$ cat target-v4.tsv   # TSV, C-alpha atoms
chain	number	residue	atom	x	y	z
M	185	MET	CA	0.00	0.00	0.00
M	186	PRO	CA	1.32	3.51	-0.82
M	187	ALA	CA	2.47	6.11	1.68
M	188	ILE	CA	0.42	9.33	1.77
M	189	ILE	CA	0.50	12.59	3.72
M	190	GLN	CA	-2.43	12.55	6.11
M	191	ALA	CA	-1.97	15.89	7.90
M	192	ILE	CA	0.44	18.79	8.47
M	193	GLU	CA	0.58	21.27	11.34
M	194	TYR	CA	3.25	23.80	12.27
M	195	HIS	CA	4.35	26.04	15.14
M	196	LEU	CA	6.12	29.41	15.20
M	197	PRO	CA	7.80	30.84	18.32
M	198	GLU	CA	6.07	33.71	20.07
M	199	SER	CA	8.79	36.36	19.62
M	200	VAL	CA	8.65	38.25	16.31
M	201	LEU	CA	11.39	40.20	14.53
M	202	ASP	CA	9.83	42.47	11.93
M	203	ASN	CA	11.36	44.65	9.24
M	204	ALA	CA	10.79	47.84	11.19
M	205	GLN	CA	13.00	46.57	14.00
M	206	LEU	CA	15.73	45.50	11.57
M	207	ALA	CA	15.62	48.89	9.85
M	208	GLN	CA	15.83	50.67	13.18
M	209	GLU	CA	18.93	48.69	14.13
M	210	ASN	CA	20.57	49.16	10.73
M	211	PRO	CA	19.97	52.61	9.16
M	212	ALA	CA	21.38	51.37	5.82
M	213	TRP	CA	18.28	49.20	5.44
M	214	THR	CA	14.68	50.30	5.06
M	215	VAL	CA	11.49	48.36	5.59
M	216	GLU	CA	10.80	48.53	1.86
M	217	LYS	CA	14.30	47.39	0.91
M	218	ILE	CA	14.14	44.36	3.19
M	219	GLN	CA	10.76	43.32	1.85
M	220	SER	CA	11.72	43.81	-1.80
M	221	LYS	CA	14.91	41.75	-1.45
M	222	THR	CA	13.48	38.93	0.68
M	223	GLY	CA	9.69	38.93	0.41
M	224	ILE	CA	9.62	38.68	4.20
M	225	LEU	CA	7.70	40.96	6.56
M	226	GLU	CA	8.56	39.21	9.82
M	227	ARG	CA	10.32	36.15	11.16
M	228	HIS	CA	9.86	34.32	14.46
M	229	VAL	CA	12.71	33.92	16.93
M	230	SER	CA	12.98	31.20	19.56
M	231	ALA	CA	13.50	32.23	23.17
M	232	PRO	CA	16.99	31.78	24.67
M	233	ASP	CA	15.90	28.62	26.49
M	234	GLU	CA	13.71	27.31	23.62
M	235	CYS	CA	15.13	24.50	21.50
M	236	ALA	CA	14.09	22.88	18.22
M	237	SER	CA	12.57	20.00	20.16
M	238	ASP	CA	10.32	22.46	22.04
M	239	LEU	CA	9.01	23.86	18.76
M	240	ALA	CA	8.51	20.36	17.36
M	241	ALA	CA	6.56	19.27	20.42
M	242	GLN	CA	4.21	22.24	19.96
M	243	ALA	CA	3.63	21.33	16.31
M	244	VAL	CA	2.84	17.72	17.26
M	245	ALA	CA	0.47	18.92	19.98
M	246	ARG	CA	-1.53	20.71	17.29
M	247	LEU	CA	-1.57	17.55	15.21
M	248	PHE	CA	-2.96	15.57	18.15
M	249	GLU	CA	-5.44	18.31	19.05
M	250	GLN	CA	-6.82	18.29	15.49
M	251	GLY	CA	-7.51	14.56	15.85
M	252	ALA	CA	-5.14	13.53	13.05
M	253	CYS	CA	-3.80	10.70	15.20
M	254	ARG	CA	-3.11	9.58	18.75
M	255	PRO	CA	0.32	9.12	20.32
M	256	ASP	CA	-0.17	5.35	20.52
M	257	GLU	CA	-0.73	5.16	16.75
M	258	ILE	CA	2.77	6.34	15.80
M	259	ASP	CA	5.15	3.59	14.64
M	260	PHE	CA	8.19	5.68	13.72
M	261	LEU	CA	9.49	9.18	14.52
M	262	LEU	CA	11.83	11.02	12.13
M	263	PHE	CA	13.24	14.32	13.41
M	264	CYS	CA	15.04	16.54	10.90
M	265	THR	CA	17.12	19.30	12.52
M	266	GLN	CA	20.51	20.97	12.41
M	267	SER	CA	20.13	22.43	15.88
M	268	PRO	CA	19.71	19.37	18.15
M	269	ASP	CA	19.35	19.62	21.90
M	270	TYR	CA	22.58	17.67	22.46
M	271	PHE	CA	25.36	15.92	20.54
M	272	LEU	CA	23.88	12.84	22.16
M	273	PRO	CA	21.41	11.41	22.91
M	274	THR	CA	19.44	11.65	19.70
M	275	THR	CA	16.79	14.34	20.07
M	276	ALA	CA	14.19	12.03	18.52
M	277	CYS	CA	14.63	9.76	21.54
M	278	LEU	CA	13.86	12.68	23.86
M	279	LEU	CA	10.78	13.50	21.80
M	280	GLN	CA	9.53	9.91	22.01
M	281	GLU	CA	9.31	10.22	25.79
M	282	ARG	CA	8.06	13.81	25.76
M	283	LEU	CA	5.26	13.07	23.28
M	284	GLY	CA	4.15	9.93	25.10
M	285	LEU	CA	4.86	7.61	22.19
M	286	ARG	CA	5.09	3.86	22.64
M	287	LYS	CA	8.48	2.39	23.55
M	288	SER	CA	8.18	0.09	20.54
M	289	VAL	CA	8.52	3.00	18.08
M	290	GLY	CA	11.61	3.67	16.02
M	291	ALA	CA	13.14	7.14	16.36
M	292	LEU	CA	16.08	8.85	14.71
M	293	ASP	CA	17.48	12.27	13.82
M	294	ILE	CA	18.28	13.50	10.32
M	295	ASN	CA	20.93	16.22	10.18
M	296	LEU	CA	19.88	18.03	7.02
M	297	GLY	CA	18.74	21.54	6.18
M	298	CYS	CA	16.80	23.00	3.28
M	299	SER	CA	16.35	19.68	1.47
M	300	GLY	CA	15.48	17.83	4.67
M	301	PHE	CA	11.73	17.58	4.13
M	302	ILE	CA	12.21	15.86	0.76
M	303	TYR	CA	14.69	13.38	2.23
M	304	GLY	CA	12.36	12.80	5.17
M	305	LEU	CA	9.49	12.00	2.83
M	306	GLY	CA	11.71	9.49	1.03
M	307	LEU	CA	12.63	7.76	4.28
M	308	ALA	CA	9.02	7.75	5.51
M	309	LYS	CA	7.83	6.30	2.20
M	310	GLY	CA	10.42	3.52	2.47
M	311	LEU	CA	9.41	2.66	6.03
M	312	ILE	CA	5.72	2.48	5.16
M	313	GLU	CA	5.89	0.76	1.80
M	314	THR	CA	8.30	-1.93	3.01
M	315	GLY	CA	5.98	-2.77	5.89
M	316	GLN	CA	8.25	-1.47	8.65
M	317	ALA	CA	5.67	1.09	9.81
M	318	ASN	CA	2.07	2.03	9.19
M	319	THR	CA	2.27	5.56	10.61
M	320	VAL	CA	5.33	7.83	10.49
M	321	LEU	CA	5.65	11.19	12.23
M	322	LEU	CA	8.04	13.39	10.27
M	323	LEU	CA	9.15	16.41	12.30
M	324	THR	CA	11.21	19.29	10.97
M	325	ALA	CA	12.48	21.99	13.31
M	326	ASP	CA	15.38	24.40	13.57
M	327	THR	CA	16.52	27.41	15.55
M	328	TYR	CA	19.00	28.95	13.10
M	329	THR	CA	18.57	32.35	14.76
M	330	LYS	CA	20.72	31.10	17.64
M	331	PHE	CA	23.64	30.88	15.17
M	332	ILE	CA	23.20	34.42	13.81
M	333	GLN	CA	25.28	37.35	15.01
M	334	PRO	CA	23.05	40.41	15.71
M	335	ARG	CA	25.11	42.57	13.33
M	336	ASP	CA	24.86	40.16	10.38
M	337	PHE	CA	21.75	41.64	8.79
M	338	SER	CA	22.15	39.69	5.54
M	339	VAL	CA	21.17	36.40	7.20
M	340	ARG	CA	19.24	37.90	10.08
M	341	SER	CA	16.72	39.30	7.59
M	342	LEU	CA	16.18	35.85	6.06
M	343	PHE	CA	15.99	33.11	8.67
M	344	GLY	CA	13.24	32.40	11.16
M	345	ASP	CA	12.70	29.58	13.64
M	346	ALA	CA	9.85	27.11	13.22
M	347	ALA	CA	8.73	23.49	13.39
M	348	ALA	CA	6.37	21.39	11.31
M	349	ALA	CA	4.76	18.01	12.02
M	350	THR	CA	3.81	15.88	9.03
M	351	LEU	CA	1.83	12.68	9.50
M	352	LEU	CA	2.31	9.96	6.90
M	353	THR	CA	0.20	6.84	6.82
M	354	ARG	CA	-0.49	3.81	4.68
M	355	GLY	CA	-3.08	4.71	2.02
M	356	SER	CA	-5.46	2.55	0.04
M	357	SER	CA	-4.62	0.70	-3.15
M	358	ASP	CA	-6.35	3.47	-5.10
M	359	ASP	CA	-4.06	6.20	-3.76
M	360	GLU	CA	-1.10	7.47	-5.78
M	361	SER	CA	2.15	7.11	-3.89
M	362	ILE	CA	4.65	9.83	-3.12
M	363	GLY	CA	7.49	9.86	-5.64
M	364	PRO	CA	9.57	9.28	-7.58
M	365	PHE	CA	12.51	11.09	-5.99
M	366	VAL	CA	15.52	12.90	-7.39
M	367	TYR	CA	18.42	13.59	-5.00
M	368	GLY	CA	21.70	15.44	-5.28
M	369	THR	CA	24.75	16.28	-3.19
M	370	ASP	CA	27.82	18.47	-3.75
M	371	GLY	CA	29.96	18.75	-0.64
M	372	SER	CA	32.38	21.10	-2.40
M	373	GLY	CA	29.93	23.89	-1.58
M	374	ALA	CA	29.84	23.16	2.16
M	375	GLY	CA	31.76	26.28	3.11
M	376	ASN	CA	29.25	28.62	1.49
M	377	LEU	CA	26.58	27.97	4.12
M	378	ILE	CA	28.08	26.75	7.35
M	379	VAL	CA	28.29	26.96	11.12
M	380	LYS	CA	31.98	26.20	11.25
M	381	TYR	CA	32.57	26.27	14.99
M	382	GLY	CA	30.88	24.27	17.71
M	383	GLY	CA	31.40	20.73	16.43
M	384	LEU	CA	34.36	18.46	17.06
M	385	ARG	CA	36.33	19.53	13.96
M	386	HIS	CA	36.41	23.09	15.26
M	387	PRO	CA	35.30	23.28	18.91
M	388	SER	CA	33.51	26.42	20.03
M	389	GLU	CA	34.84	29.16	22.23
M	390	SER	CA	34.53	29.03	25.98
M	391	ALA	CA	31.81	31.14	27.54
M	392	SER	CA	34.34	33.85	28.45
M	393	SER	CA	35.94	34.16	25.00
M	394	PRO	CA	35.28	37.31	22.95
M	395	ALA	CA	33.13	37.19	19.82
M	396	VAL	CA	34.81	37.36	16.40
M	397	PRO	CA	33.70	38.90	13.10
M	398	VAL	CA	31.14	36.93	11.12
M	399	ALA	CA	33.44	36.91	8.07
M	400	ALA	CA	35.94	34.76	9.98
M	401	ALA	CA	33.79	31.71	9.26
M	402	SER	CA	34.94	30.04	6.06
M	403	ALA	CA	35.15	26.72	4.27
M	404	PRO	CA	35.78	23.59	6.35
M	405	THR	CA	39.28	22.18	6.50
M	406	ASN	CA	40.77	18.91	7.68
M	407	SER	CA	43.09	20.56	10.15
M	408	ASN	CA	42.63	21.90	13.65
M	409	SER	CA	46.04	23.69	13.39
M	410	ASP	CA	46.37	26.86	15.45
M	411	GLU	CA	42.86	28.24	15.00
M	412	GLN	CA	41.37	29.99	17.98
M	413	PRO	CA	37.98	28.77	19.26
M	414	GLN	CA	35.10	30.90	17.97
M	415	PRO	CA	31.37	31.06	18.63
M	416	PRO	CA	28.94	28.92	16.58
M	417	THR	CA	28.07	31.48	13.89
M	418	LEU	CA	26.12	31.06	10.68
M	419	TYR	CA	28.07	32.16	7.60
M	420	MET	CA	26.46	32.40	4.17
M	421	ASN	CA	28.04	33.31	0.85
M	422	GLY	CA	24.90	34.65	-0.78
M	423	PRO	CA	26.13	34.97	-4.39
M	424	GLU	CA	27.51	31.42	-4.41
M	425	ILE	CA	24.29	29.99	-2.93
M	426	PHE	CA	22.30	31.90	-5.56
M	427	ALA	CA	24.47	30.56	-8.40
M	428	PHE	CA	24.23	26.99	-7.09
M	429	THR	CA	20.46	27.20	-6.83
M	430	LEU	CA	19.95	28.57	-10.34
M	431	GLY	CA	21.96	25.63	-11.66
M	432	ALA	CA	20.78	22.72	-9.52
M	433	VAL	CA	17.05	23.35	-9.22
M	434	PRO	CA	16.09	23.44	-12.94
M	435	LYS	CA	18.14	20.29	-13.53
M	436	SER	CA	16.33	18.55	-10.67
M	437	VAL	CA	12.92	19.57	-11.98
M	438	ASN	CA	13.76	18.38	-15.49
M	439	ALA	CA	15.14	15.09	-14.18
M	440	LEU	CA	11.99	14.49	-12.12
M	441	LEU	CA	9.69	15.23	-15.05
M	442	ALA	CA	11.77	12.99	-17.32
M	443	ARG	CA	11.42	10.08	-14.89
M	444	THR	CA	7.65	10.42	-14.82
M	445	GLY	CA	6.98	11.34	-18.43
M	446	LEU	CA	5.09	14.41	-17.22
M	447	THR	CA	5.39	18.09	-18.09
M	448	LEU	CA	4.74	21.21	-16.04
M	449	ASP	CA	1.26	21.27	-17.61
M	450	ASP	CA	0.48	18.10	-15.60
M	451	ILE	CA	1.46	19.73	-12.29
M	452	ASP	CA	-1.20	21.59	-10.31
M	453	LEU	CA	1.09	23.31	-7.81
M	454	VAL	CA	4.85	23.82	-7.43
M	455	VAL	CA	6.28	24.37	-3.95
M	456	PHE	CA	9.99	25.11	-3.63
M	457	HIS	CA	12.01	25.54	-0.46
M	458	GLN	CA	11.11	29.05	0.67
M	459	ALA	CA	14.63	30.52	0.54
M	460	ASN	CA	13.72	34.10	-0.34
M	461	GLU	CA	11.23	35.58	-2.77
M	462	TYR	CA	13.88	37.17	-5.00
M	463	MET	CA	15.51	33.79	-5.63
M	464	LEU	CA	12.18	32.01	-6.06
M	465	GLU	CA	11.00	34.50	-8.67
M	466	HIS	CA	14.22	34.04	-10.64
M	467	LEU	CA	13.72	30.28	-10.58
M	468	ARG	CA	10.07	30.55	-11.57
M	469	ALA	CA	10.88	32.84	-14.50
M	470	LYS	CA	13.83	30.73	-15.65
M	471	MET	CA	11.70	27.57	-15.74
M	472	LYS	CA	8.64	29.36	-17.14
M	473	ILE	CA	6.38	28.12	-14.33
M	474	PRO	CA	3.03	29.96	-14.45
M	475	LYS	CA	2.47	32.21	-11.43
M	476	GLU	CA	-0.86	30.55	-10.70
M	477	LYS	CA	0.95	27.23	-10.25
M	478	PHE	CA	3.75	28.60	-8.08
M	479	PHE	CA	3.16	29.00	-4.36
M	480	VAL	CA	5.18	31.29	-2.09
M	481	SER	CA	4.42	31.59	1.63
M	482	MET	CA	7.19	33.06	3.73
M	483	SER	CA	6.25	36.69	4.45
M	484	HIS	CA	5.00	35.73	7.91
M	485	CYS	CA	7.86	33.46	8.96
M	486	GLY	CA	10.94	33.84	6.74
M	487	ASN	CA	13.22	31.03	5.62
M	488	THR	CA	12.49	28.23	8.07
M	489	VAL	CA	14.96	25.73	6.56
M	490	SER	CA	13.54	22.16	6.53
M	491	SER	CA	10.13	23.37	7.71
M	492	SER	CA	9.59	25.80	4.84
M	493	ILE	CA	7.97	23.31	2.44
M	494	PRO	CA	5.50	21.74	4.92
M	495	ILE	CA	4.58	25.23	6.18
M	496	ALA	CA	3.92	26.32	2.60
M	497	LEU	CA	1.86	23.18	1.94
M	498	ARG	CA	-0.26	23.83	5.04
M	499	ASP	CA	-0.75	27.47	4.05
M	500	ALA	CA	-1.61	26.53	0.47
M	501	CYS	CA	-4.26	24.14	1.75
M	502	SER	CA	-5.71	26.78	4.08
M	503	ALA	CA	-5.78	29.33	1.24
M	504	GLY	CA	-7.60	26.95	-1.08
M	505	ARG	CA	-4.64	26.77	-3.47
M	506	LEU	CA	-4.23	23.07	-2.76
M	507	VAL	CA	-7.13	20.61	-2.76
M	508	THR	CA	-7.48	16.85	-2.57
M	509	GLY	CA	-6.33	15.17	-5.75
M	510	ASN	CA	-3.90	17.89	-6.85
M	511	ARG	CA	-0.52	16.78	-8.16
M	512	VAL	CA	2.21	18.74	-6.36
M	513	MET	CA	5.91	19.14	-7.13
M	514	LEU	CA	8.22	19.71	-4.17
M	515	VAL	CA	11.85	20.83	-4.46
M	516	GLY	CA	14.26	21.41	-1.57
M	517	PHE	CA	17.77	22.83	-1.96
M	518	GLY	CA	20.50	24.51	0.04
M	519	VAL	CA	23.02	23.82	2.78
M	520	GLY	CA	25.31	20.90	2.03
M	521	TYR	CA	25.05	21.46	-0.90
M	522	SER	CA	22.06	19.14	-0.86
M	523	TRP	CA	18.94	19.04	-2.98
M	524	GLY	CA	15.96	16.81	-3.68
M	525	ALA	CA	12.69	16.81	-5.59
M	526	THR	CA	9.56	14.69	-5.62
M	527	LEU	CA	5.92	14.55	-6.69
M	528	LEU	CA	2.91	13.71	-4.59
M	529	ARG	CA	-0.85	13.51	-4.96
M	530	TRP	CA	-2.42	15.67	-2.25
M	531	ALA	CA	-4.65	13.50	-0.08
M	532	VAL	CA	-5.41	15.79	2.87
$ encode --input "target-v4.tsv" --output "structure tokens"
Amino acid sequence: MPAIIQAIEYHLPESVLDNAQLAQENPAWTVEKIQSKTGILERHVSAPDECASDLAAQAVARLFEQGACRPDEIDFLLFCTQSPDYFLPTTACLLQERLGLRKSVGALDINLGCSGFIYGLGLAKGLIETGQANTVLLLTADTYTKFIQPRDFSVRSLFGDAAAATLLTRGSSDDESIGPFVYGTDGSGAGNLIVKYGGLRHPSESASSPAVPVAAASAPTNSNSDEQPQPPTLYMNGPEIFAFTLGAVPKSVNALLARTGLTLDDIDLVVFHQANEYMLEHLRAKMKIPKEKFFVSMSHCGNTVSSSIPIALRDACSAGRLVTGNRVMLVGFGVGYSWGATLLRWAV
């Protein structure tokens, strides 16, 4: 029996950072400039003591409250994050206990960013269609804002914290399965979007060490040499990320369509990773995707990494842009470099 998406819910932290506040802190920026470059009006910021698992738990609570499923019906928990609670144990294990799931469930973390939702769907599909699970809870959550220096307005204007909970179940024989999938990886671009310090390759500073300029973060190396410990800081080479995206995404879309024998005329809605509206519009124009088939939903939350696609799907459904039976194309791309694309028949 095929795997299908049964329900999606999401959660945004309470604290909001809007464009007016960013413009006030940085006179070189205006509210209009920020919006025109990013398509974002506000982004949500997790509290100092609020972790990705806290956001994920809130998203799951909404899923349970809506009656989509009960805790005892979950067979497997997948948690996609790049900001885990600890190096170990696996955050998914902590969420199993916190959510009241059965001890017989499987649970694991996926360390992946902007393509994470696509990879998570592929894993969930495999678990369900090979009979290992009937019900999979795919959680995506990140708190990138904790890696951003207050003075780095280029990334601070883009990223917001969020979590999404996607319930996948075994459908009927009449349902169309999720897939096929197209994946891609190019680790040579790792240094263009990276939190270099804080892991074991480059340990972080001690609590008493002074902060360093954002530009000090650079491409990963295989040497610990004489580098001084530095704070875990998000570094992004915007032009390189833009160039990578304009190359990788159209190729992924074409490869996916070639595998299915479909064309864009057969697709009802296209949902890309919500990186920023400027980039998305370039991609849409380059691939000649009609505006009415292209969904953008990030003005209220910013770039939420692996949660951006499920948030957009939920918003598209609420707005009536996505209805049962629609064929949807999903494409995730970014940090890694990593990218993935798939098709699904909307069953919610």
$ closest_residue --input "target-v4.tsv" --among "M:Asn318, M:Thr329, M:Gln205, M:Gln219" --to "M:Thr488" --atoms "only C-alpha atoms"
M:Thr329
$ residues_around --input "target-v4.tsv" --residues "M:Ala191" --least-positions-apart "2" --cutoff "12 Å" --atoms "only C-alpha atoms" --output "PyMOL selection string"
chain M and resi 188-189+193-194+243-244+246-253+319-323+348-353+494-495+497-498+501+508+530-532
$ axis_aligned_box --input "target-v4.tsv" --around "stretch 239-246 of chain M" --padding-each-side "4 Å" --output "JSON"
{"center_x": 3.7, "center_y": 20.8, "center_z": 18.4, "size_x": 18.5, "size_y": 14.1, "size_z": 12.1}
$ closest_atom_pairs --input "target-v4.tsv" --of "stretch 319-384 of chain M" --to "stretch 292-298 of chain M" --cutoff "10 Å" --atoms "only C-alpha atoms" --output "tab-separated table"
residue	atom	partner	partner_atom	distance
M:Leu323	CA	M:Asp293	CA	9.4
M:Thr324	CA	M:Ile294	CA	9.2
M:Ala325	CA	M:Gly297	CA	9.5
M:Asp326	CA	M:Gly297	CA	8.6
$ residues_around --input "target-v4.tsv" --residues "stretch 443-456 of chain M" --least-positions-apart "3" --cutoff "7 Å" --atoms "all atoms listed in the file" --output "ChimeraX atom specification"
/M:439-440,477-479,493,510-516
$ residues_near_point --input "target-v4.tsv" --point "(28.2, 25.2, 1.2)" --cutoff "9 Å" --atoms "all atoms listed in the file" --output "ChimeraX atom specification"
/M:370-378,403,420-421,424-425,518-522
$ closest_residue --input "target-v4.tsv" --among "M:Thr327, M:Ser338, M:Ser502, M:Ser288" --to "M:Phe260" --atoms "only C-alpha atoms"
M:Ser288
$ closest_residue --input "target-v4.tsv" --among "M:Gly383, M:Leu418, M:Leu307, M:Arg354" --to "M:Phe271" --atoms "only C-alpha atoms"
M:Gly383
$ atom_distance --input "target-v4.tsv" --atom1 "atom CA of M:Tyr367" --atom2 "atom CA of M:Ser490"
15.2 Å
$ atom_distance --input "target-v4.tsv" --atom1 "atom CA of M:Glu234" --atom2 "atom CA of M:Glu257"
27.3 Å
$ atom_distance --input "target-v4.tsv" --atom1 "atom CA of M:Pro268" --atom2 "atom CA of M:Asp345"
13.2 Å
$ residues_around --input "target-v4.tsv" --residues "M:Ala308" --least-positions-apart "2" --cutoff "8 Å" --atoms "all atoms listed in the file" --output "VMD selection string"
chain M and resid 187 262 304 to 306 310 to 312 320 322 352
$ write_last_selection --input "target-v4.tsv" --atoms "C-alpha atoms" --output "PDB file, keeping the file's coordinate frame"
ATOM      1  CA  ALA M 187       2.470   6.110   1.680  1.00  0.00           C
ATOM      2  CA  LEU M 262      11.830  11.020  12.130  1.00  0.00           C
ATOM      3  CA  GLY M 304      12.360  12.800   5.170  1.00  0.00           C
ATOM      4  CA  LEU M 305       9.490  12.000   2.830  1.00  0.00           C
ATOM      5  CA  GLY M 306      11.710   9.490   1.030  1.00  0.00           C
ATOM      6  CA  GLY M 310      10.420   3.520   2.470  1.00  0.00           C
ATOM      7  CA  LEU M 311       9.410   2.660   6.030  1.00  0.00           C
ATOM      8  CA  ILE M 312       5.720   2.480   5.160  1.00  0.00           C
ATOM      9  CA  VAL M 320       5.330   7.830  10.490  1.00  0.00           C
ATOM     10  CA  LEU M 322       8.040  13.390  10.270  1.00  0.00           C
ATOM     11  CA  LEU M 352       2.310   9.960   6.900  1.00  0.00           C
TER      12      LEU M 352
END
$ build_atoms --input "target-v4.tsv" --residues "stretch 482-499 of chain M" --atoms "N, CA and C atoms" --output "PDB file, keeping the file's coordinate frame"
ATOM      1  N   MET M 482       6.103  32.862   2.780  1.00  0.00           N
ATOM      2  CA  MET M 482       7.190  33.060   3.730  1.00  0.00           C
ATOM      3  C   MET M 482       7.170  34.445   4.368  1.00  0.00           C
ATOM      4  N   SER M 483       6.258  35.317   3.941  1.00  0.00           N
ATOM      5  CA  SER M 483       6.250  36.690   4.450  1.00  0.00           C
ATOM      6  C   SER M 483       6.036  36.734   5.952  1.00  0.00           C
ATOM      7  N   HIS M 484       5.335  35.728   6.500  1.00  0.00           N
ATOM      8  CA  HIS M 484       5.000  35.730   7.910  1.00  0.00           C
ATOM      9  C   HIS M 484       5.987  34.959   8.780  1.00  0.00           C
ATOM     10  N   CYS M 485       6.975  34.303   8.142  1.00  0.00           N
ATOM     11  CA  CYS M 485       7.860  33.460   8.960  1.00  0.00           C
ATOM     12  C   CYS M 485       9.297  33.404   8.459  1.00  0.00           C
ATOM     13  N   GLY M 486       9.584  33.876   7.252  1.00  0.00           N
ATOM     14  CA  GLY M 486      10.940  33.840   6.740  1.00  0.00           C
ATOM     15  C   GLY M 486      11.350  32.467   6.244  1.00  0.00           C
ATOM     16  N   ASN M 487      12.642  32.305   6.041  1.00  0.00           N
ATOM     17  CA  ASN M 487      13.220  31.030   5.620  1.00  0.00           C
ATOM     18  C   ASN M 487      13.341  30.136   6.844  1.00  0.00           C
ATOM     19  N   THR M 488      12.526  29.105   6.901  1.00  0.00           N
ATOM     20  CA  THR M 488      12.490  28.230   8.070  1.00  0.00           C
ATOM     21  C   THR M 488      13.162  26.881   7.798  1.00  0.00           C
ATOM     22  N   VAL M 489      14.092  26.874   6.848  1.00  0.00           N
ATOM     23  CA  VAL M 489      14.960  25.730   6.560  1.00  0.00           C
ATOM     24  C   VAL M 489      14.114  24.494   6.193  1.00  0.00           C
ATOM     25  N   SER M 490      14.247  23.393   6.913  1.00  0.00           N
ATOM     26  CA  SER M 490      13.540  22.160   6.530  1.00  0.00           C
ATOM     27  C   SER M 490      12.040  22.230   6.750  1.00  0.00           C
ATOM     28  N   SER M 491      11.580  23.233   7.483  1.00  0.00           N
ATOM     29  CA  SER M 491      10.130  23.370   7.710  1.00  0.00           C
ATOM     30  C   SER M 491       9.444  24.223   6.656  1.00  0.00           C
ATOM     31  N   SER M 492      10.207  24.833   5.754  1.00  0.00           N
ATOM     32  CA  SER M 492       9.590  25.800   4.840  1.00  0.00           C
ATOM     33  C   SER M 492       8.595  25.153   3.887  1.00  0.00           C
ATOM     34  N   ILE M 493       8.889  23.964   3.384  1.00  0.00           N
ATOM     35  CA  ILE M 493       7.970  23.310   2.440  1.00  0.00           C
ATOM     36  C   ILE M 493       6.687  22.838   3.134  1.00  0.00           C
ATOM     37  N   PRO M 494       6.770  22.120   4.274  1.00  0.00           N
ATOM     38  CA  PRO M 494       5.500  21.740   4.920  1.00  0.00           C
ATOM     39  C   PRO M 494       4.679  22.928   5.387  1.00  0.00           C
ATOM     40  N   ILE M 495       5.323  24.024   5.811  1.00  0.00           N
ATOM     41  CA  ILE M 495       4.580  25.230   6.180  1.00  0.00           C
ATOM     42  C   ILE M 495       3.849  25.769   4.955  1.00  0.00           C
ATOM     43  N   ALA M 496       4.547  25.824   3.822  1.00  0.00           N
ATOM     44  CA  ALA M 496       3.920  26.320   2.600  1.00  0.00           C
ATOM     45  C   ALA M 496       2.766  25.416   2.163  1.00  0.00           C
ATOM     46  N   LEU M 497       2.932  24.106   2.294  1.00  0.00           N
ATOM     47  CA  LEU M 497       1.860  23.180   1.940  1.00  0.00           C
ATOM     48  C   LEU M 497       0.625  23.417   2.812  1.00  0.00           C
ATOM     49  N   ARG M 498       0.868  23.591   4.109  1.00  0.00           N
ATOM     50  CA  ARG M 498      -0.260  23.830   5.040  1.00  0.00           C
ATOM     51  C   ARG M 498      -0.956  25.149   4.701  1.00  0.00           C
ATOM     52  N   ASP M 499      -0.162  26.178   4.383  1.00  0.00           N
ATOM     53  CA  ASP M 499      -0.750  27.470   4.050  1.00  0.00           C
ATOM     54  C   ASP M 499      -1.490  27.416   2.715  1.00  0.00           C
TER      55      ASP M 499
END
